[in-house]
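Enquirer: The structure under discussion is supplied below as structure tokens; questions concerning it will follow.
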Amino acid sequence: MQNSPIREFLSKRGSGSLADNSFAAVMLLCALSIFAIVFFILTILILRSHQSLVQFGWKFFTRQAWDPVSGDFGALPFIYGTLATSLLALLMAVPLALGVAVFLTELCPRPLRAPISFLTELLAAIPSVVYGLWAVFVLVPLMRDHLGPFLVKTLGWTGFFEGANFGVGLLTASIILAIMILPIISSLTRDIMNAVPNSQREAVLALGATRWEMIRIGVLRNSRIGIVGAVMLGLGRALGETMAVTMVIGNHPDISKSLFAPGYTLASVIANEFSEATGDLYLSALIEIGLALFLVTIVVNTIARLMVWAVTRNAPARVH
Amino acid sequence: MGVGILVEGLNAWYGSTHTLQDINLPIPANHATALIGPSGCGKSTFVRCLNRMHETNPIARATGVVKMGDIDIYKDASPVEIRRRVGMVFQRPNPFPTMSIYDNVISGLKLNGFRNRRILDETVERSLKQAALWEEVKDDLKKKSGASLSGGQQQRMCIARALAVDPEVLLMDEPASALDPVSTSKIEDLIFQLKSQYTIVIVTHNMQQAARVAENTGFFLNGKMVEFDSTHKIFTNPKDKRTEDYITGRFG
């Protein structure tokens with residue numbers, strides 16, 4: 001072609017490699033800022049908890065005492081409270097969230113889909129203090145007068161439901177946590193399941209699968225890695241959730257097998273006692289609790305990654 | 001006839017697999033050249049080396065000389081510049097679903113910052129006419145999404161999109177393999193029309209297609225080019241026994 005203003009225009013454009021390289025550099029900086037932030041937070045936590053680190057050493061994480069008056073501190077009850085409430089919350093929220101997601105992507109009549117999705121996402125937007133208020137006025141009496149006695153009658157033999165039931169405690173905190181992490185897990189899982197190509201569903205159906213078998217093999221199996229990711233995000237929120245938990249957990253540093261017993265979490269002890277921490281050791285012990293929360297999050301995430309790796313390790317590799 | 005692309009000593013790898021071994025091939029300018037061969041023989045990798053698309057895969061690597069005119073595309077230019085001059089049509093139509101037909105066709109110009117309305121309008125009409133799609137879509141250019149067309153129409157739109165930047169070379173990687181016979185024959189007619197203006201390289205599994213559209217044909221096997229000659233010669237009197245076996249259907 002002889003004429004072509006287009007060819008002439010394009011031939012005058014440079015290789016764009018300067019722009020491409022600067023773009024890559026800026027993106028690299030964005031990624032590095034994550035490292036910088038993590039490093040910065042960790043440094044400050046370690047520096048500011050120095051006194052407590054020196055005083056109690058590694059034992060801080062395994063000691064049960066929490067006595068501000070005599071200056072005796074340990075993080076174990078809080079670690080226990082955090083892990084117990086978060087895991088219980090996951091136990092309740094994950095099946096429910098999966099159910100919501102499966103219903104929304106596979107079974108829901110089209111006109112209902114948007115309203116239900118909208119409501120689930122609305123749940124995620126409610127501030128946690130509002131959840132806390134609702135729990136105090138609705139969930140606590142319900143637990144004290146109905147749910148608690150029912151659990152004692154049916155599952156009392158397990159030993160998980162013993163002692164006085166005041167309505168506040170580990171179980172109530174777990175339930176409110178489960179409600180709070182439900183929307184994030186279910187909406188992420190829904191998006192992941194929506195991304196499974198229809199050809200996968202058809203491939204399973206064409207083998208004579210029932211609807212449930214199609215969902216299990218064609219949908220759930222294909223999205224399992226993404227689902228674990230969604231659960232981890234929910235768990236992350238549960239571990240760090242402060243306000244609502246503080247309002248209903250009872251705030252007492254105990255390690256008790258009974259789920260009626262009051263507990264305390266890492267996040268809620270910081271929120272409750274930070275403003276009234278008298279003395280440097282008390283303050284630095286609280287900051288070390290923050291460090292413990294940081295470490296718990298890292299350890300839990302690492303374990304989850306290892307689980308994903310263990311499950312997918314022997315899976316057939318994908319081509320391309 | 002002049003040489004459009006001169007390939008000398010081209011080698012390509014995927015990871016540790018040596019997918020192209022020492023390919024030498026002068027591709028004639030303003031003609032259609034077909035590449036045939038069984039699956040996995042390296043013909044797709046070969047065309048992807050001609051616009052440096054091969055190296056976009058992180059485990060892929062290529063060495064050798066590929067010359068367009070005086071320019072060695074692996075030494076003297078960036079991939080971006082090369083791809084402005086070498087259009088590509090893929091096996092499956094890949095329209096941009098969020099863009100109208102009009103925007104799909106001029107997307108190559110738009111992303112390069114071309115703003116002249118009049119020339120953009122002319123280019124859309126010119127490329128859609130070249131792709132034999134103009135009559136079918138001229139009334140919905142800005143109303144319909146590129147993805148709302150039928151498969152065959154989508155593929156012709158993708159050809160128009162590649163032609164809109166007025167490339168010198170058009171690479172086609174099995175452009176009709178996902179299409180029905182009617183659409184296929186439309187695409188073949190197109191190639192026949194276009195080859196006087198563009199250097200066309202077409203990968204195909206369909207030997208009749210190669211015979212219909214291309215003056216020259218290369219036969220690939222296991223990463224090597226076994227034979228390259230005029231299409232007539234390849235299909236009637238091949239020099240190599242393996243070529244003969246393949247075109248007569250004894251393997252592959």
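Naming scheme: A, B, ... for chains in displayed order of the structure tokens; residues 1 onward per chain; ligands 1 onward as shown.
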Give me, as an MDAnalysis selection string, the residues of chain B touching chain A, with the criterion being at most 10 Å (counting only C-alpha atoms).

Expert: chainID B and resid 57 77:82 84:85 109 112:114 119:120 123 164:168 196:198

Enquirer: Taking the backbone alone, and naming residues the way the document does, which bits of segment 7-243 of chain B are strand (DSSP E or B) by DSSP, as a ChimeraX atom specification?

Expert: /B:7-14,17-28,32-36,60-68,71-72,86-89,100,145,169-173,199-203,216-221,224-230

Enquirer: As number ranges by chain, please: all residues of segment 22-206 of chain B that backbone DSSP puts in helix (DSSP H, G or I).

Expert: B: 43-50, 54-56, 79-85, 101-105, 107-111, 117-130, 134-137, 146-148, 151-164, 181-194

Enquirer: Please produce a file of the residues just selected, as a PDB file, in the first residue's frame, where the atoms kept are C-alpha atoms.

Expert:
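And here is the file that came out, result07.pdb:
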```pdb
ATOM      1  CA  LYS B  43       3.714 -24.537  13.023  1.00  0.00           C
ATOM      2  CA  SER B  44       1.781 -22.379  15.502  1.00  0.00           C
ATOM      3  CA  THR B  45       4.973 -21.674  17.427  1.00  0.00           C
ATOM      4  CA  PHE B  46       6.545 -20.658  14.134  1.00  0.00           C
ATOM      5  CA  VAL B  47       3.947 -17.986  13.310  1.00  0.00           C
ATOM      6  CA  ARG B  48       4.045 -16.755  16.891  1.00  0.00           C
ATOM      7  CA  CYS B  49       7.771 -16.185  16.451  1.00  0.00           C
ATOM      8  CA  LEU B  50       7.078 -13.902  13.478  1.00  0.00           C
ATOM      9  CA  HIS B  54       6.024 -16.601  21.391  1.00  0.00           C
ATOM     10  CA  GLU B  55       8.143 -14.850  24.010  1.00  0.00           C
ATOM     11  CA  THR B  56       5.107 -13.532  25.920  1.00  0.00           C
ATOM     12  CA  PRO B  79       8.075  -6.354  20.103  1.00  0.00           C
ATOM     13  CA  VAL B  80       5.645  -3.431  20.274  1.00  0.00           C
ATOM     14  CA  GLU B  81       6.936  -1.920  17.047  1.00  0.00           C
ATOM     15  CA  ILE B  82       6.934  -5.273  15.295  1.00  0.00           C
ATOM     16  CA  ARG B  83       3.354  -6.046  16.254  1.00  0.00           C
ATOM     17  CA  ARG B  84       2.209  -2.731  14.786  1.00  0.00           C
ATOM     18  CA  ARG B  85       3.483  -3.951  11.434  1.00  0.00           C
ATOM     19  CA  ILE B 101     -18.085  -3.207  16.564  1.00  0.00           C
ATOM     20  CA  TYR B 102     -16.740   0.215  15.601  1.00  0.00           C
ATOM     21  CA  ASP B 103     -14.502   0.447  18.671  1.00  0.00           C
ATOM     22  CA  ASN B 104     -13.319  -3.125  18.198  1.00  0.00           C
ATOM     23  CA  VAL B 105     -12.118  -2.386  14.686  1.00  0.00           C
ATOM     24  CA  SER B 107      -8.910  -0.430  18.897  1.00  0.00           C
ATOM     25  CA  GLY B 108      -5.391  -0.798  17.466  1.00  0.00           C
ATOM     26  CA  LEU B 109      -5.421   2.811  16.264  1.00  0.00           C
ATOM     27  CA  LYS B 110      -7.073   4.158  19.400  1.00  0.00           C
ATOM     28  CA  LEU B 111      -4.502   2.621  21.707  1.00  0.00           C
ATOM     29  CA  ARG B 117     -12.260  11.150  13.175  1.00  0.00           C
ATOM     30  CA  ARG B 118     -12.477  11.226   9.402  1.00  0.00           C
ATOM     31  CA  ILE B 119      -9.669   8.724   8.910  1.00  0.00           C
ATOM     32  CA  LEU B 120     -11.030   6.524  11.726  1.00  0.00           C
ATOM     33  CA  ASP B 121     -14.441   6.403  10.023  1.00  0.00           C
ATOM     34  CA  GLU B 122     -12.836   5.631   6.678  1.00  0.00           C
ATOM     35  CA  THR B 123     -10.659   2.953   8.245  1.00  0.00           C
ATOM     36  CA  VAL B 124     -13.605   1.183   9.846  1.00  0.00           C
ATOM     37  CA  GLU B 125     -15.407   1.095   6.505  1.00  0.00           C
ATOM     38  CA  ARG B 126     -12.275   0.089   4.578  1.00  0.00           C
ATOM     39  CA  SER B 127     -11.292  -2.746   6.949  1.00  0.00           C
ATOM     40  CA  LEU B 128     -14.808  -4.097   7.354  1.00  0.00           C
ATOM     41  CA  LYS B 129     -15.177  -4.114   3.562  1.00  0.00           C
ATOM     42  CA  GLN B 130     -11.834  -5.902   3.229  1.00  0.00           C
ATOM     43  CA  TRP B 134     -19.411  -4.255   6.054  1.00  0.00           C
ATOM     44  CA  GLU B 135     -22.788  -5.032   4.502  1.00  0.00           C
ATOM     45  CA  GLU B 136     -23.838  -7.168   7.476  1.00  0.00           C
ATOM     46  CA  VAL B 137     -22.974  -4.707  10.239  1.00  0.00           C
ATOM     47  CA  GLY B 146     -18.422  -7.106  19.112  1.00  0.00           C
ATOM     48  CA  ALA B 147     -19.361 -10.231  21.056  1.00  0.00           C
ATOM     49  CA  SER B 148     -22.995 -10.159  19.860  1.00  0.00           C
ATOM     50  CA  GLY B 151     -18.705 -16.826  15.403  1.00  0.00           C
ATOM     51  CA  GLY B 152     -17.925 -16.362  11.724  1.00  0.00           C
ATOM     52  CA  GLN B 153     -18.770 -12.659  11.873  1.00  0.00           C
ATOM     53  CA  GLN B 154     -16.627 -12.274  14.987  1.00  0.00           C
ATOM     54  CA  GLN B 155     -13.671 -13.812  13.208  1.00  0.00           C
ATOM     55  CA  ARG B 156     -14.113 -11.503  10.215  1.00  0.00           C
ATOM     56  CA  MET B 157     -14.338  -8.589  12.632  1.00  0.00           C
ATOM     57  CA  CYS B 158     -11.056  -9.716  14.173  1.00  0.00           C
ATOM     58  CA  ILE B 159      -9.545  -9.776  10.692  1.00  0.00           C
ATOM     59  CA  ALA B 160     -10.853  -6.228  10.149  1.00  0.00           C
ATOM     60  CA  ARG B 161      -9.328  -5.247  13.504  1.00  0.00           C
ATOM     61  CA  ALA B 162      -5.965  -6.607  12.405  1.00  0.00           C
ATOM     62  CA  LEU B 163      -6.224  -4.865   9.023  1.00  0.00           C
ATOM     63  CA  ALA B 164      -7.220  -1.509  10.504  1.00  0.00           C
ATOM     64  CA  PRO B 181     -18.133 -24.397   6.373  1.00  0.00           C
ATOM     65  CA  VAL B 182     -19.952 -21.284   5.117  1.00  0.00           C
ATOM     66  CA  SER B 183     -17.930 -18.970   7.341  1.00  0.00           C
ATOM     67  CA  THR B 184     -14.803 -20.918   6.473  1.00  0.00           C
ATOM     68  CA  SER B 185     -15.286 -20.387   2.791  1.00  0.00           C
ATOM     69  CA  LYS B 186     -15.887 -16.677   3.396  1.00  0.00           C
ATOM     70  CA  ILE B 187     -12.585 -16.448   5.262  1.00  0.00           C
ATOM     71  CA  GLU B 188     -10.833 -18.315   2.477  1.00  0.00           C
ATOM     72  CA  ASP B 189     -12.256 -15.915  -0.127  1.00  0.00           C
ATOM     73  CA  LEU B 190     -10.977 -13.080   2.008  1.00  0.00           C
ATOM     74  CA  ILE B 191      -7.471 -14.465   2.154  1.00  0.00           C
ATOM     75  CA  PHE B 192      -7.591 -14.823  -1.601  1.00  0.00           C
ATOM     76  CA  GLN B 193      -8.583 -11.156  -1.952  1.00  0.00           C
ATOM     77  CA  LEU B 194      -6.138  -9.829   0.592  1.00  0.00           C
TER      78      LEU B 194
END
```

Enquirer: Provide the atom CA of Val296 of chain A to atom CA of Gly167 of chain A distance in Å, to one decimal place.

Expert: 27.5 Å

Enquirer: Could you please determine the separation between atom CA of Leu10 of chain B and atom CA of Arg52 of chain B in Å, to one decimal place?

Expert: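 Distance reported for this atom pair: 12.1 Å.
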
Enquirer: Between atom CA of Leu20 of chain B and atom CA of Ser39 of chain B, what distance in Å does the model show, to one decimal?

Expert: 13.4 Å

Enquirer: Using only C-alpha atoms, find the one residue out of A:Ile37, A:Ala24, A:Leu259, A:Ala75 that sits nearest to Ala285 of chain A.

Expert: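 So, comparing all the options, the nearest one is A:Ala75.
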
Enquirer: Can you pull out the residues contacting segment 266-275 of chain A? Cut-off 12 Å, using only C-alpha atoms, and skip same-chain residues under 2 positions away; I want them as a VMD selection string.

Expert: chain A and resid 61 66 68 74 to 86 173 237 to 253 263 to 264 277 to 280 282 to 297

Enquirer: With a distance cut-off of 8 Å and only C-alpha atoms, select the neighbouring residues of Ser186 of chain A, excluding the residue or stretch itself and same-chain residues fewer than 3 positions from it, and output the selection as an mmCIF file with C-alpha atoms, in the first residue's frame.

Expert:
```cif
data_model
loop_
_atom_site.group_PDB
_atom_site.id
_atom_site.type_symbol
_atom_site.label_atom_id
_atom_site.label_comp_id
_atom_site.auth_asym_id
_atom_site.auth_seq_id
_atom_site.Cartn_x
_atom_site.Cartn_y
_atom_site.Cartn_z
ATOM 1 C CA ALA A 97 -21.581 -19.279 53.163
ATOM 2 C CA LEU A 98 -21.022 -22.173 50.771
ATOM 3 C CA VAL A 100 -25.528 -19.234 50.031
ATOM 4 C CA ALA A 101 -22.985 -19.199 47.202
ATOM 5 C CA THR A 120 -25.426 -10.292 51.528
ATOM 6 C CA LEU A 182 -20.529 -14.753 56.391
ATOM 7 C CA PRO A 183 -20.982 -12.035 53.742
ATOM 8 C CA THR A 189 -17.170 -17.765 46.864
ATOM 9 C CA ARG A 190 -20.084 -16.753 44.648
#
```

Enquirer: Within 10 Å of segment 60-76 of chain B, counting only C-alpha atoms, which residues qualify if same-chain residues fewer than 6 places away don't, as a ChimeraX atom specification?

Expert: /B:2-20,22-27,29,45-46,49-54,82-83,85-86,168-169

Enquirer: I'd like to know which of B:Asp240, B:Asp229, B:Asp245, B:Glu174 is closest to Phe90 of chain B, using only C-alpha atoms.

Expert: B:Glu174

Enquirer: If we count only C-alpha atoms, what is near Gly159 of chain A at a cut-off of 9 Å, once residues fewer than 4 positions away on the same chain are taken out, given as a list of chain:residue names?

Expert: A:Leu155, A:Lys257, A:Ser258

Enquirer: For N, CA and C atoms, I'd like the residues from the last selection saved as a short mmCIF file (atom, residue, chain, number, x, y, z; two decimals), in the first residue's frame.

Expert:
```cif
data_model
loop_
_atom_site.label_atom_id
_atom_site.label_comp_id
_atom_site.auth_asym_id
_atom_site.auth_seq_id
_atom_site.Cartn_x
_atom_site.Cartn_y
_atom_site.Cartn_z
N LEU A 155 -26.57 -31.32 74.20
CA LEU A 155 -25.15 -31.59 74.01
C LEU A 155 -24.36 -31.45 75.31
N LYS A 257 -12.90 -24.96 79.00
CA LYS A 257 -13.41 -25.84 77.97
C LYS A 257 -14.85 -25.47 77.63
N SER A 258 -15.57 -24.95 78.63
CA SER A 258 -16.97 -24.62 78.41
C SER A 258 -17.12 -23.39 77.53
#
```

Enquirer: Have a look at A:Ser49, A:Ser256, A:Thr312, A:Thr154 and name the one nearest to Asn222 of chain A; count only C-alpha atoms.

Expert: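 Among A:Ser49, A:Ser256, A:Thr312, A:Thr154, it is A:Thr312 that comes nearest to Asn222 of chain A.
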